[in-house]
Amino acid sequence: MELKNAYLIDLMERVEKRNPNDKQFLITVRTVLESIQPVVEARPELIERGVMELFVEQERVIKFRVPWTDDNGKVHVNRGYRIQGNSAIGPYKGGLRLHPSVTEDILKFLAFEQTLKNSLTTLPIGGAKGGSDFDPKGKSDAEVMRFCQSFMTELFKYIGPDCDVPAGDIGVGGREIGYLFGQYKRLTNQYCGVLTGKGLSFGGSLARTEATGYGLCYFTEEMLNDAGKSFKGSTVVISGSGNVAIYACEKATQLGGKVVTMSDSNGYVYDPDGIDLAAVKQIKEVRRGRIREYIADHPNATYTEGCSNVWSVKCDIALPCATQNEIDNASAQKLIDNGCTCVSEGANMPTVPSAIELLQAAGVIFGPAKAANAGGVATSALEMSQNSMRYSWTFEEVDAKLKNIMVGIYHNIADAAEKYGLKGNFEAGANIAGFLKVADAMLAQGVC
Ligand code: NDP
Ligand code: 2IT
C-alpha cells in the first residue's frame, strides 16, 4: 500500500521530522497510516478534531538510568524506558523487554503496535512498552534480581494498577516479574495488580504463561478454517524457543500439526520426527540453555548455525515467534517457493512490510502480529480482572475466554478488511479495527 491522502502524507512528514532517529517506529506508523487511509477519508472529523495528530504522538516517554552491581562488585549502568503510548481505552498496558538491542525507537514501535493490539482484545487496556538494554543472558539470579530492583526503584513512580500495568516480553518471564513485583510492593507498601505474568502464588493467572502461544494457534486455526484448512496434518516451522514459541509448539501439536523446528539467536534445530517439546522446555525453561543442546539426545535432529535459515525449511505453516524483522523478502520468497500456505506472527512485527506484501501477493494467508499474538495481553487483562476481584478462575475458564477472544479477533479483523474493500487483507483489517475503537474513545474524550 501507499500513502495517497494529502493530509496523511503531510502528517507522516511531520512524524518523520519529529522522530528522525526512530527508524522502526516510522516504518510502523507509516504502515498503519497506509492501512487506515480509507477510514480517515470516510471520517473527516478524525482530522478536524485532531485525533490523527494525537494518535501519532506517544503520550509519555520515560527514560532513566539503571545502576546495578554485579557479583564481583563492579558497577554497571544500563538505560531503562517506559513508553506510555495511548490511554484512550484503558490504563497503559504492555510488556517489558530486556535485551541489548532495546532502544527508544524499538520501544516506541512496540508501544504504538500495542495500542492497536490491546484495542483488538476488546478489553479495557491502553498501550505501552518498556524495558532496558540490559542483557539477562549469562547473568546470575542475584544479578538479575539487583537489576530488576534498581529498574523498579525508578519505574514505580510512573505505574500502578489503574495507571500502567507492565508485564513480560523478551528476556522478562516469571523470574523477573517476581523480582519487580517484590520491589514495587516494598517501595509502595501496596499489594496490587501492578504487573501481570505474576507467579500463581502471588496473584498470577492460570494460563497466562501459555496464553500468547496458545492464542496464536487459536487465532491461526480459525483463520485457516475459514480458508478450508487447519493445523491437522500440517508441517509447522516455528522460530524462537522462548515463552511464545514453546506454547505455540504445544498447541500447534495438540491441534494436529507437526512442528519440525525451533531456534534461538544462534541457530535452529530441525527434527523430522516432530519437536520433542518436553526436551525443549527442559533446555530453555529449566536449564536456561541453548537450542543446540537439543541434538545431543535426538539423533535424527540436526542443528544449523544462523537463525534466519529456519525459513528455508519446507512447511505448510510458519509461526515466527522470536523477534522483529525475522522474515525479510528473501526469507518470504523461500517460504513461498517451498509451498508455505500460511504465515502467522507470534512475535511483534517479525515480517518486514515488503515481505508481507510479497506473501499476500502469492496468496499466502497472513496473520498479523497485533491480532495473532494478542492472546498474551488479553490474558494479562484477565489477570487484572481476577486481581481486582481478588479471585482466581480455573485454567479451563481462562483458556475458554482466551479462545473466544482469539476467534472474535479473527472475525472482527476479517470483517473490517471486507467492509473497507480489502477482503482477505488481515493486516489492514487489524489496523482498521484496532484504530477505530481507539479513535472513537479519543474523539469522545476531546483534546487531551
Ligand atoms: P523470550 O525471551 O521468552 O524468547 C525469545 C526467543 O526469541 C528466544 O528463543 C530468543 O533467543 C529469540 N530471540 C530474541 N531476540 C532475538 C534476535 N534478535 N534474533 C534471533 N532470535 C532472537 O521472549 P518471548 O517468547 O516472550 O517473546 C518473543 C516474541 O513474542 C517477541 O517479539 C515479543 O515481543 C512477542 N510477544 C511476546 C508476548 C508474551 O506474552 N511474552 C506477547 C506477545 C508478543 P535467544 O535465547 O538466543 O535470545
Ligand atoms: O507484546 C505483548 O503483547 C506482550 N509482551 C504482552 C504484554 C502484556 O501486558 O501482557
# chains A, B, ... in the order shown; residues from 1 in each chain; ligands from 1

$ residues_around --residues "Gln333 (chain A)" --least-positions-apart "5" --cutoff "9 Å" --atoms "only C-alpha atoms" --output "short mmCIF file (atom, residue, chain, number, x, y, z; two decimals) with N, CA, C and O atoms, in the first residue's frame"
data_model
loop_
_atom_site.label_atom_id
_atom_site.label_comp_id
_atom_site.auth_asym_id
_atom_site.auth_seq_id
_atom_site.Cartn_x
_atom_site.Cartn_y
_atom_site.Cartn_z
N ASP A 328 12.57 -11.39 6.04
CA ASP A 328 12.76 -10.35 5.03
C ASP A 328 12.25 -10.89 3.69
O ASP A 328 11.69 -12.00 3.63
N ASN A 338 8.69 -22.91 -1.26
CA ASN A 338 8.55 -24.23 -0.65
C ASN A 338 7.09 -24.61 -0.39
O ASN A 338 6.82 -25.59 0.29
N ALA A 355 7.93 -7.83 2.79
CA ALA A 355 7.77 -9.29 2.77
C ALA A 355 6.30 -9.66 2.98
O ALA A 355 5.82 -10.65 2.42
N LEU A 358 4.73 -9.36 -0.31
CA LEU A 358 5.15 -10.49 -1.15
C LEU A 358 4.32 -11.73 -0.83
O LEU A 358 3.81 -12.42 -1.73
N LEU A 359 4.16 -12.02 0.45
CA LEU A 359 3.40 -13.20 0.88
C LEU A 359 1.94 -13.07 0.43
O LEU A 359 1.36 -14.02 -0.11
#

$ select_by_dssp --residues "region 49-232 of chain A" --states "strand (DSSP E or B)" --output "PyMOL selection string"
chain A and resi 60-69+75-86+92-98+127-132+160+164-167+169+172

$ write_last_selection --atoms "N, CA and C atoms" --output "CSV table (one decimal), in the first residue's frame"
chain,number,residue,atom,x,y,z
A,60,ARG,N,3.6,9.7,26.7
A,60,ARG,CA,4.7,9.9,27.6
A,60,ARG,C,5.9,9.0,27.3
A,61,VAL,N,7.1,9.6,27.3
A,61,VAL,CA,8.3,8.7,27.1
A,61,VAL,C,9.2,8.9,28.3
A,62,ILE,N,9.4,7.9,29.1
A,62,ILE,CA,10.1,8.0,30.3
A,62,ILE,C,11.4,7.2,30.1
A,63,LYS,N,12.5,7.9,30.5
A,63,LYS,CA,13.9,7.3,30.2
A,63,LYS,C,14.7,7.5,31.4
A,64,PHE,N,15.4,6.5,31.9
A,64,PHE,CA,16.1,6.7,33.2
A,64,PHE,C,17.3,5.8,33.3
A,65,ARG,N,18.2,6.1,34.2
A,65,ARG,CA,19.4,5.4,34.5
A,65,ARG,C,19.1,4.2,35.4
A,66,VAL,N,19.7,3.0,35.1
A,66,VAL,CA,19.6,1.9,35.9
A,66,VAL,C,20.9,1.3,36.4
A,67,PRO,N,21.4,1.8,37.5
A,67,PRO,CA,22.7,1.3,38.0
A,67,PRO,C,22.5,0.0,38.8
A,68,TRP,N,23.4,-0.9,38.7
A,68,TRP,CA,23.4,-2.2,39.4
A,68,TRP,C,24.8,-2.7,39.6
A,69,THR,N,25.0,-3.6,40.5
A,69,THR,CA,26.3,-4.1,40.9
A,69,THR,C,26.4,-5.6,40.6
A,75,VAL,N,30.3,-2.0,39.2
A,75,VAL,CA,29.1,-1.2,38.9
A,75,VAL,C,28.8,-1.2,37.4
A,76,HIS,N,27.6,-1.4,37.0
A,76,HIS,CA,27.2,-1.3,35.6
A,76,HIS,C,26.0,-0.3,35.5
A,77,VAL,N,25.9,0.4,34.4
A,77,VAL,CA,24.8,1.4,34.2
A,77,VAL,C,24.1,1.0,32.9
A,78,ASN,N,22.8,0.7,33.0
A,78,ASN,CA,22.0,0.5,31.8
A,78,ASN,C,21.0,1.6,31.7
A,79,ARG,N,20.3,1.6,30.6
A,79,ARG,CA,19.3,2.6,30.4
A,79,ARG,C,17.9,1.9,30.4
A,80,GLY,N,17.0,2.5,31.2
A,80,GLY,CA,15.6,2.0,31.3
A,80,GLY,C,14.6,2.9,30.6
A,81,TYR,N,13.5,2.3,30.2
A,81,TYR,CA,12.5,3.1,29.5
A,81,TYR,C,11.1,2.6,29.8
A,82,ARG,N,10.1,3.5,29.8
A,82,ARG,CA,8.7,3.1,29.7
A,82,ARG,C,8.1,4.1,28.7
A,83,ILE,N,7.5,3.6,27.7
A,83,ILE,CA,6.8,4.4,26.7
A,83,ILE,C,5.3,4.2,27.0
A,84,GLN,N,4.6,5.3,27.4
A,84,GLN,CA,3.2,5.2,27.7
A,84,GLN,C,2.5,5.7,26.4
A,85,GLY,N,2.1,4.8,25.6
A,85,GLY,CA,1.6,5.2,24.2
A,85,GLY,C,0.3,5.9,24.2
A,86,ASN,N,-0.7,5.2,24.7
A,86,ASN,CA,-2.1,5.7,24.5
A,86,ASN,C,-3.0,5.2,25.6
A,92,TYR,N,-2.5,2.2,30.7
A,92,TYR,CA,-1.4,1.7,29.8
A,92,TYR,C,-1.1,0.3,30.1
A,93,LYS,N,-0.8,-0.5,29.1
A,93,LYS,CA,-0.6,-1.9,29.3
A,93,LYS,C,0.4,-2.5,28.3
A,94,GLY,N,1.4,-3.2,28.7
A,94,GLY,CA,2.3,-3.8,27.7
A,94,GLY,C,3.6,-4.2,28.4
A,95,GLY,N,4.3,-5.0,27.7
A,95,GLY,CA,5.5,-5.7,28.3
A,95,GLY,C,6.7,-4.9,28.5
A,96,LEU,N,7.6,-5.5,29.2
A,96,LEU,CA,9.0,-5.0,29.4
A,96,LEU,C,10.0,-5.9,28.7
A,97,ARG,N,10.9,-5.4,28.0
A,97,ARG,CA,11.8,-6.2,27.2
A,97,ARG,C,13.2,-5.9,27.8
A,98,LEU,N,14.0,-7.0,28.1
A,98,LEU,CA,15.4,-6.9,28.5
A,98,LEU,C,16.2,-7.5,27.4
A,127,GLY,N,-2.1,1.3,25.6
A,127,GLY,CA,-0.9,0.7,25.0
A,127,GLY,C,0.4,1.3,25.7
A,128,ALA,N,1.3,0.4,25.9
A,128,ALA,CA,2.6,0.8,26.5
A,128,ALA,C,3.7,-0.2,26.2
A,129,LYS,N,4.9,0.1,26.4
A,129,LYS,CA,6.0,-0.8,26.3
A,129,LYS,C,7.2,-0.3,27.1
A,130,GLY,N,8.1,-1.1,27.6
A,130,GLY,CA,9.2,-0.6,28.3
A,130,GLY,C,10.3,-1.6,28.3
A,131,GLY,N,11.4,-1.3,29.0
A,131,GLY,CA,12.5,-2.3,29.1
A,131,GLY,C,13.8,-1.6,29.2
A,132,SER,N,14.8,-2.3,28.9
A,132,SER,CA,16.2,-1.9,29.0
A,132,SER,C,17.2,-2.6,28.1
A,160,GLY,N,1.0,1.8,38.1
A,160,GLY,CA,0.1,1.5,39.2
A,160,GLY,C,-1.1,0.7,38.5
A,164,ASP,N,-0.8,2.1,34.8
A,164,ASP,CA,0.1,1.5,33.9
A,164,ASP,C,0.5,0.1,34.5
A,165,VAL,N,0.3,-0.9,33.7
A,165,VAL,CA,0.5,-2.3,34.2
A,165,VAL,C,1.5,-3.1,33.3
A,166,PRO,N,2.7,-3.1,33.6
A,166,PRO,CA,3.7,-3.8,32.8
A,166,PRO,C,3.6,-5.3,32.9
A,167,ALA,N,4.3,-6.0,32.0
A,167,ALA,CA,4.3,-7.5,32.0
A,167,ALA,C,5.6,-7.9,31.4
A,169,ASP,N,8.1,-9.7,28.3
A,169,ASP,CA,8.3,-9.7,26.9
A,169,ASP,C,9.7,-10.4,26.7
A,172,VAL,N,12.1,-11.2,29.8
A,172,VAL,CA,11.3,-11.0,31.0
A,172,VAL,C,10.3,-12.1,31.2

$ closest_residue --among "A:Lys157, A:His411, A:Lys117, A:Lys423" --to "ligand 2" --atoms "only C-alpha atoms and all ligand atoms"
A:Lys117

$ residues_near_ligand --ligand "ligand 1" --cutoff "6 Å" --atoms "only C-alpha atoms and all ligand atoms" --output "NGL selection string"
:A and (168-171 or 212 or 240-245 or 263-266 or 321-324 or 346-348 or 373 or 376)

$ residues_around --residues "Gly203 (chain A)" --least-positions-apart "3" --cutoff "12 Å" --atoms "only C-alpha atoms" --output "number ranges by chain"
A: 177-178, 181, 191-200, 206, 208, 380, 382-393

$ residues_around --residues "region 1-10 of chain A" --least-positions-apart "6" --cutoff "12 Å" --atoms "only C-alpha atoms" --output "number ranges by chain"
A: 16-17, 29-42, 44, 46-48, 50, 52-53, 56, 353-354, 356-358, 360-361, 422, 425, 427-428

$ write_last_selection --atoms "N, CA and C atoms" --output "compact mmCIF listing (two decimals), in the first residue's frame"
# COMPACT_ATOMS: atom_id res chain seq x y z
N GLU A 16 8.03 12.13 10.77
CA GLU A 16 9.44 11.86 10.43
C GLU A 16 10.36 12.95 10.98
N LYS A 17 9.92 14.20 10.85
CA LYS A 17 10.74 15.32 11.34
C LYS A 17 10.90 15.26 12.85
N VAL A 29 4.49 3.37 11.94
CA VAL A 29 3.47 4.42 11.80
C VAL A 29 3.02 4.51 10.33
N ARG A 30 3.99 4.47 9.43
CA ARG A 30 3.64 4.56 8.01
C ARG A 30 2.73 3.40 7.60
N THR A 31 3.09 2.19 8.02
CA THR A 31 2.29 1.02 7.65
C THR A 31 0.86 1.15 8.17
N VAL A 32 0.73 1.64 9.40
CA VAL A 32 -0.62 1.77 9.98
C VAL A 32 -1.39 2.87 9.25
N LEU A 33 -0.74 4.01 9.00
CA LEU A 33 -1.44 5.10 8.31
C LEU A 33 -1.90 4.65 6.91
N GLU A 34 -1.05 3.87 6.25
CA GLU A 34 -1.44 3.37 4.92
C GLU A 34 -2.72 2.54 5.01
N SER A 35 -2.78 1.67 6.02
CA SER A 35 -3.96 0.80 6.13
C SER A 35 -5.22 1.56 6.51
N ILE A 36 -5.07 2.59 7.36
CA ILE A 36 -6.30 3.25 7.85
C ILE A 36 -6.74 4.41 6.97
N GLN A 37 -6.03 4.61 5.87
CA GLN A 37 -6.39 5.66 4.91
C GLN A 37 -7.89 5.70 4.59
N PRO A 38 -8.51 4.56 4.22
CA PRO A 38 -9.94 4.62 3.88
C PRO A 38 -10.83 5.05 5.05
N VAL A 39 -10.41 4.72 6.28
CA VAL A 39 -11.19 5.13 7.46
C VAL A 39 -11.10 6.64 7.64
N VAL A 40 -9.88 7.15 7.52
CA VAL A 40 -9.67 8.58 7.73
C VAL A 40 -10.44 9.37 6.67
N GLU A 41 -10.49 8.83 5.45
CA GLU A 41 -11.21 9.53 4.38
C GLU A 41 -12.72 9.48 4.61
N ALA A 42 -13.19 8.39 5.22
CA ALA A 42 -14.64 8.26 5.47
C ALA A 42 -15.07 9.04 6.72
N PRO A 44 -14.07 12.44 8.25
CA PRO A 44 -13.29 13.69 8.27
C PRO A 44 -13.14 14.29 9.67
N LEU A 46 -12.11 12.95 12.21
CA LEU A 46 -10.88 12.47 12.84
C LEU A 46 -9.73 13.45 12.58
N ILE A 47 -9.76 14.08 11.42
CA ILE A 47 -8.75 15.09 11.11
C ILE A 47 -9.14 16.41 11.76
N GLU A 48 -10.42 16.80 11.55
CA GLU A 48 -10.87 18.11 12.05
C GLU A 48 -10.69 18.23 13.56
N GLY A 50 -8.51 16.67 15.46
CA GLY A 50 -7.14 16.46 15.94
C GLY A 50 -6.78 15.04 16.36
N MET A 52 -5.97 12.41 14.66
CA MET A 52 -4.80 11.83 13.98
C MET A 52 -3.49 12.39 14.55
N GLU A 53 -3.52 13.69 14.85
CA GLU A 53 -2.32 14.34 15.42
C GLU A 53 -1.98 13.70 16.77
N VAL A 56 -0.54 9.82 16.64
CA VAL A 56 0.84 9.51 16.26
C VAL A 56 1.88 10.00 17.27
N PRO A 353 7.49 -5.09 6.18
CA PRO A 353 6.32 -4.76 5.37
C PRO A 353 6.39 -5.25 3.92
N SER A 354 7.56 -5.14 3.28
CA SER A 354 7.64 -5.57 1.87
C SER A 354 7.48 -7.09 1.77
N ILE A 356 5.58 -8.87 3.77
CA ILE A 356 4.14 -9.14 3.96
C ILE A 356 3.45 -9.01 2.60
N GLU A 357 3.79 -7.96 1.87
CA GLU A 357 3.17 -7.75 0.55
C GLU A 357 3.49 -8.90 -0.39
N LEU A 358 4.73 -9.36 -0.31
CA LEU A 358 5.15 -10.49 -1.15
C LEU A 358 4.32 -11.73 -0.83
N GLN A 360 1.37 -11.89 0.67
CA GLN A 360 -0.05 -11.71 0.31
C GLN A 360 -0.25 -11.83 -1.19
N ALA A 361 0.69 -11.27 -1.96
CA ALA A 361 0.57 -11.34 -3.43
C ALA A 361 0.64 -12.78 -3.91
N LEU A 422 -11.02 -4.54 1.38
CA LEU A 422 -9.69 -5.17 1.42
C LEU A 422 -9.81 -6.63 1.86
N ASN A 425 -7.20 -9.18 3.47
CA ASN A 425 -6.00 -8.48 3.95
C ASN A 425 -6.15 -8.26 5.46
N GLU A 427 -3.94 -7.87 7.71
CA GLU A 427 -3.03 -6.83 8.24
C GLU A 427 -3.78 -5.49 8.25
N ALA A 428 -4.39 -5.16 7.10
CA ALA A 428 -5.15 -3.90 7.03
C ALA A 428 -6.35 -3.97 7.96

$ residues_around --residues "Pro320 (chain A)" --least-positions-apart "6" --cutoff "12 Å" --atoms "only C-alpha atoms" --output "number ranges by chain"
A: 213, 216, 236-242, 244-246, 248-249, 261-264, 307-308, 310-311, 326-328, 331-332, 335, 342-352, 366-369, 372-373

$ select_by_dssp --residues "region 11-43 of chain A" --states "helix (DSSP H, G or I)" --output "VMD selection string"
chain A and resid 11 to 18 23 to 42

$ write_last_selection --atoms "N, CA, C and O atoms" --output "compact mmCIF listing (two decimals), in the first residue's frame"
# COMPACT_ATOMS: atom_id res chain seq x y z
N LEU A 11 1.07 14.57 7.47
CA LEU A 11 1.21 14.10 8.86
C LEU A 11 2.45 13.22 8.99
O LEU A 11 3.24 13.36 9.92
N MET A 12 2.62 12.31 8.04
CA MET A 12 3.76 11.38 8.09
C MET A 12 5.08 12.17 8.01
O MET A 12 6.03 11.85 8.72
N GLU A 13 5.09 13.21 7.20
CA GLU A 13 6.32 14.02 7.10
C GLU A 13 6.64 14.67 8.44
O GLU A 13 7.79 14.76 8.87
N ARG A 14 5.58 15.11 9.13
CA ARG A 14 5.80 15.75 10.44
C ARG A 14 6.27 14.71 11.47
O ARG A 14 7.11 15.00 12.31
N VAL A 15 5.72 13.51 11.38
CA VAL A 15 6.17 12.44 12.31
C VAL A 15 7.65 12.14 12.05
O VAL A 15 8.44 11.95 12.98
N GLU A 16 8.03 12.13 10.77
CA GLU A 16 9.44 11.86 10.43
C GLU A 16 10.36 12.95 10.98
O GLU A 16 11.43 12.66 11.50
N LYS A 17 9.92 14.20 10.85
CA LYS A 17 10.74 15.32 11.34
C LYS A 17 10.90 15.26 12.85
O LYS A 17 11.94 15.57 13.41
N ARG A 18 9.83 14.85 13.52
CA ARG A 18 9.84 14.86 14.97
C ARG A 18 10.58 13.65 15.56
O ARG A 18 11.03 13.70 16.69
N LYS A 23 13.77 4.71 13.32
CA LYS A 23 13.53 4.05 12.04
C LYS A 23 12.36 3.04 12.12
O LYS A 23 11.45 3.05 11.30
N GLN A 24 12.42 2.19 13.14
CA GLN A 24 11.41 1.14 13.25
C GLN A 24 10.03 1.73 13.58
O GLN A 24 9.01 1.30 13.05
N PHE A 25 10.03 2.76 14.43
CA PHE A 25 8.78 3.44 14.78
C PHE A 25 8.17 4.07 13.52
O PHE A 25 6.96 3.93 13.26
N LEU A 26 9.01 4.69 12.70
CA LEU A 26 8.50 5.35 11.49
C LEU A 26 7.93 4.32 10.50
O LEU A 26 6.88 4.57 9.89
N ILE A 27 8.58 3.19 10.39
CA ILE A 27 8.07 2.13 9.50
C ILE A 27 6.67 1.71 9.96
O ILE A 27 5.75 1.56 9.17
N THR A 28 6.54 1.54 11.27
CA THR A 28 5.26 1.08 11.82
C THR A 28 4.16 2.12 11.64
O THR A 28 3.04 1.79 11.23
N VAL A 29 4.49 3.37 11.94
CA VAL A 29 3.47 4.42 11.80
C VAL A 29 3.02 4.51 10.33
O VAL A 29 1.82 4.55 10.04
N ARG A 30 3.99 4.47 9.43
CA ARG A 30 3.64 4.56 8.01
C ARG A 30 2.73 3.40 7.60
O ARG A 30 1.71 3.59 6.92
N THR A 31 3.09 2.19 8.02
CA THR A 31 2.29 1.02 7.65
C THR A 31 0.86 1.15 8.17
O THR A 31 -0.11 0.84 7.46
N VAL A 32 0.73 1.64 9.40
CA VAL A 32 -0.62 1.77 9.98
C VAL A 32 -1.39 2.87 9.25
O VAL A 32 -2.56 2.69 8.88
N LEU A 33 -0.74 4.01 9.00
CA LEU A 33 -1.44 5.10 8.31
C LEU A 33 -1.90 4.65 6.91
O LEU A 33 -2.98 5.00 6.45
N GLU A 34 -1.05 3.87 6.25
CA GLU A 34 -1.44 3.37 4.92
C GLU A 34 -2.72 2.54 5.01
O GLU A 34 -3.64 2.72 4.22
N SER A 35 -2.78 1.67 6.02
CA SER A 35 -3.96 0.80 6.13
C SER A 35 -5.22 1.56 6.51
O SER A 35 -6.31 1.18 6.11
N ILE A 36 -5.07 2.59 7.36
CA ILE A 36 -6.30 3.25 7.85
C ILE A 36 -6.74 4.41 6.97
O ILE A 36 -7.73 5.09 7.27
N GLN A 37 -6.03 4.61 5.87
CA GLN A 37 -6.39 5.66 4.91
C GLN A 37 -7.89 5.70 4.59
O GLN A 37 -8.51 6.76 4.70
N PRO A 38 -8.51 4.56 4.22
CA PRO A 38 -9.94 4.62 3.88
C PRO A 38 -10.83 5.05 5.05
O PRO A 38 -11.85 5.70 4.85
N VAL A 39 -10.41 4.72 6.28
CA VAL A 39 -11.19 5.13 7.46
C VAL A 39 -11.10 6.64 7.64
O VAL A 39 -12.10 7.32 7.89
N VAL A 40 -9.88 7.15 7.52
CA VAL A 40 -9.67 8.58 7.73
C VAL A 40 -10.44 9.37 6.67
O VAL A 40 -11.01 10.43 6.95
N GLU A 41 -10.49 8.83 5.45
CA GLU A 41 -11.21 9.53 4.38
C GLU A 41 -12.72 9.48 4.61
O GLU A 41 -13.44 10.42 4.29
N ALA A 42 -13.19 8.39 5.22
CA ALA A 42 -14.64 8.26 5.47
C ALA A 42 -15.07 9.04 6.72
O ALA A 42 -16.25 9.26 6.93

$ closest_residue --among "A:Glu285, A:Asp71, A:Asp415, A:Glu104" --to "Gly173 (chain A)" --atoms "only C-alpha atoms"
A:Glu285

$ closest_residue --among "A:Ala374, A:Ile106, A:Ile283, A:Cys163" --to "ligand 2" --atoms "only C-alpha atoms and all ligand atoms"
A:Ala374

$ residues_around --residues "His298 (chain A)" --least-positions-apart "4" --cutoff "10 Å" --atoms "only C-alpha atoms" --output "number ranges by chain"
A: 271, 273, 275-276, 279, 293-294, 302

$ write_last_selection --atoms "N, CA, C and O atoms" --output "mmCIF file, in the first residue's frame"
data_model
loop_
_atom_site.group_PDB
_atom_site.id
_atom_site.type_symbol
_atom_site.label_atom_id
_atom_site.label_comp_id
_atom_site.auth_asym_id
_atom_site.auth_seq_id
_atom_site.Cartn_x
_atom_site.Cartn_y
_atom_site.Cartn_z
ATOM 1 N N ASP A 271 13.894 -31.202 13.482
ATOM 2 C CA ASP A 271 13.645 -32.581 13.901
ATOM 3 C C ASP A 271 12.527 -33.148 13.031
ATOM 4 O O ASP A 271 11.349 -32.805 13.213
ATOM 5 N N ASP A 273 11.109 -35.834 13.101
ATOM 6 C CA ASP A 273 10.135 -36.635 13.864
ATOM 7 C C ASP A 273 9.138 -35.756 14.610
ATOM 8 O O ASP A 273 8.224 -36.260 15.271
ATOM 9 N N ILE A 275 9.167 -31.879 16.924
ATOM 10 C CA ILE A 275 9.921 -31.380 18.085
ATOM 11 C C ILE A 275 9.441 -32.060 19.376
ATOM 12 O O ILE A 275 8.238 -32.171 19.628
ATOM 13 N N ASP A 276 10.413 -32.514 20.164
ATOM 14 C CA ASP A 276 10.149 -33.100 21.478
ATOM 15 C C ASP A 276 10.098 -31.920 22.463
ATOM 16 O O ASP A 276 11.132 -31.435 22.938
ATOM 17 N N ALA A 279 11.735 -31.863 25.937
ATOM 18 C CA ALA A 279 13.183 -31.636 25.926
ATOM 19 C C ALA A 279 13.487 -30.145 25.787
ATOM 20 O O ALA A 279 14.382 -29.614 26.452
ATOM 21 N N GLU A 293 21.620 -27.651 22.206
ATOM 22 C CA GLU A 293 21.743 -28.791 23.137
ATOM 23 C C GLU A 293 20.729 -29.893 22.804
ATOM 24 O O GLU A 293 20.898 -31.039 23.207
ATOM 25 N N TYR A 294 19.685 -29.537 22.058
ATOM 26 C CA TYR A 294 18.608 -30.482 21.719
ATOM 27 C C TYR A 294 19.132 -31.699 20.974
ATOM 28 O O TYR A 294 18.656 -32.816 21.168
ATOM 29 N N THR A 302 18.903 -32.205 13.466
ATOM 30 C CA THR A 302 20.141 -31.513 13.069
ATOM 31 C C THR A 302 20.124 -30.090 13.605
ATOM 32 O O THR A 302 19.045 -29.510 13.830
#

$ closest_residue --among "A:Ala381, A:Ile291, A:Val280, A:Ala318" --to "Val398 (chain A)" --atoms "only C-alpha atoms"
A:Ala381

$ residues_around --residues "Asp70 (chain A)" --least-positions-apart "2" --cutoff "10 Å" --atoms "only C-alpha atoms" --output "PyMOL selection string"
chain A and resi 68+72-76+139-140+142-144+146-147

$ closest_residue --among "A:Ile125, A:Ile336, A:Ala378, A:Ala444" --to "Asp399 (chain A)" --atoms "only C-alpha atoms"
A:Ala378

$ closest_residue --among "A:Thr394, A:Ser150, A:Thr379, A:Ser101" --to "ligand 2" --atoms "only C-alpha atoms and all ligand atoms"
A:Thr379

$ decode --residues "region 226-236 of chain A" --atoms "N, CA, C and O atoms" --output "PDB file, in the first residue's frame"
ATOM      1  N   ASP A 226     -11.419 -20.869   8.042  1.00  0.00           N
ATOM      2  CA  ASP A 226     -12.177 -20.015   7.138  1.00  0.00           C
ATOM      3  C   ASP A 226     -11.744 -20.219   5.682  1.00  0.00           C
ATOM      4  O   ASP A 226     -12.499 -19.953   4.749  1.00  0.00           O
ATOM      5  N   ALA A 227     -10.498 -20.697   5.521  1.00  0.00           N
ATOM      6  CA  ALA A 227      -9.979 -20.944   4.168  1.00  0.00           C
ATOM      7  C   ALA A 227     -10.019 -22.432   3.831  1.00  0.00           C
ATOM      8  O   ALA A 227      -9.357 -22.889   2.892  1.00  0.00           O
ATOM      9  N   GLY A 228     -10.761 -23.194   4.654  1.00  0.00           N
ATOM     10  CA  GLY A 228     -10.901 -24.627   4.399  1.00  0.00           C
ATOM     11  C   GLY A 228      -9.662 -25.429   4.761  1.00  0.00           C
ATOM     12  O   GLY A 228      -9.449 -26.532   4.256  1.00  0.00           O
ATOM     13  N   LYS A 229      -8.806 -24.869   5.623  1.00  0.00           N
ATOM     14  CA  LYS A 229      -7.566 -25.577   6.023  1.00  0.00           C
ATOM     15  C   LYS A 229      -7.531 -25.712   7.543  1.00  0.00           C
ATOM     16  O   LYS A 229      -8.404 -25.177   8.243  1.00  0.00           O
ATOM     17  N   SER A 230      -6.495 -26.392   8.057  1.00  0.00           N
ATOM     18  CA  SER A 230      -6.321 -26.460   9.516  1.00  0.00           C
ATOM     19  C   SER A 230      -4.904 -26.908   9.842  1.00  0.00           C
ATOM     20  O   SER A 230      -4.113 -27.232   8.947  1.00  0.00           O
ATOM     21  N   PHE A 231      -4.593 -26.907  11.125  1.00  0.00           N
ATOM     22  CA  PHE A 231      -3.273 -27.395  11.558  1.00  0.00           C
ATOM     23  C   PHE A 231      -3.134 -28.892  11.294  1.00  0.00           C
ATOM     24  O   PHE A 231      -2.031 -29.388  11.111  1.00  0.00           O
ATOM     25  N   LYS A 232      -4.278 -29.581  11.329  1.00  0.00           N
ATOM     26  CA  LYS A 232      -4.240 -31.049  11.264  1.00  0.00           C
ATOM     27  C   LYS A 232      -3.462 -31.524  10.025  1.00  0.00           C
ATOM     28  O   LYS A 232      -3.772 -31.123   8.907  1.00  0.00           O
ATOM     29  N   GLY A 233      -2.462 -32.335  10.264  1.00  0.00           N
ATOM     30  CA  GLY A 233      -1.681 -32.892   9.157  1.00  0.00           C
ATOM     31  C   GLY A 233      -0.676 -31.929   8.543  1.00  0.00           C
ATOM     32  O   GLY A 233      -0.026 -32.265   7.553  1.00  0.00           O
ATOM     33  N   SER A 234      -0.547 -30.719   9.119  1.00  0.00           N
ATOM     34  CA  SER A 234       0.373 -29.721   8.533  1.00  0.00           C
ATOM     35  C   SER A 234       1.757 -29.805   9.151  1.00  0.00           C
ATOM     36  O   SER A 234       1.907 -30.152  10.327  1.00  0.00           O
ATOM     37  N   THR A 235       2.741 -29.434   8.352  1.00  0.00           N
ATOM     38  CA  THR A 235       4.096 -29.285   8.874  1.00  0.00           C
ATOM     39  C   THR A 235       4.285 -27.821   9.263  1.00  0.00           C
ATOM     40  O   THR A 235       3.959 -26.918   8.488  1.00  0.00           O
ATOM     41  N   VAL A 236       4.789 -27.618  10.482  1.00  0.00           N
ATOM     42  CA  VAL A 236       4.864 -26.258  11.032  1.00  0.00           C
ATOM     43  C   VAL A 236       6.314 -25.905  11.351  1.00  0.00           C
ATOM     44  O   VAL A 236       7.025 -26.685  11.997  1.00  0.00           O
TER      45      VAL A 236
END
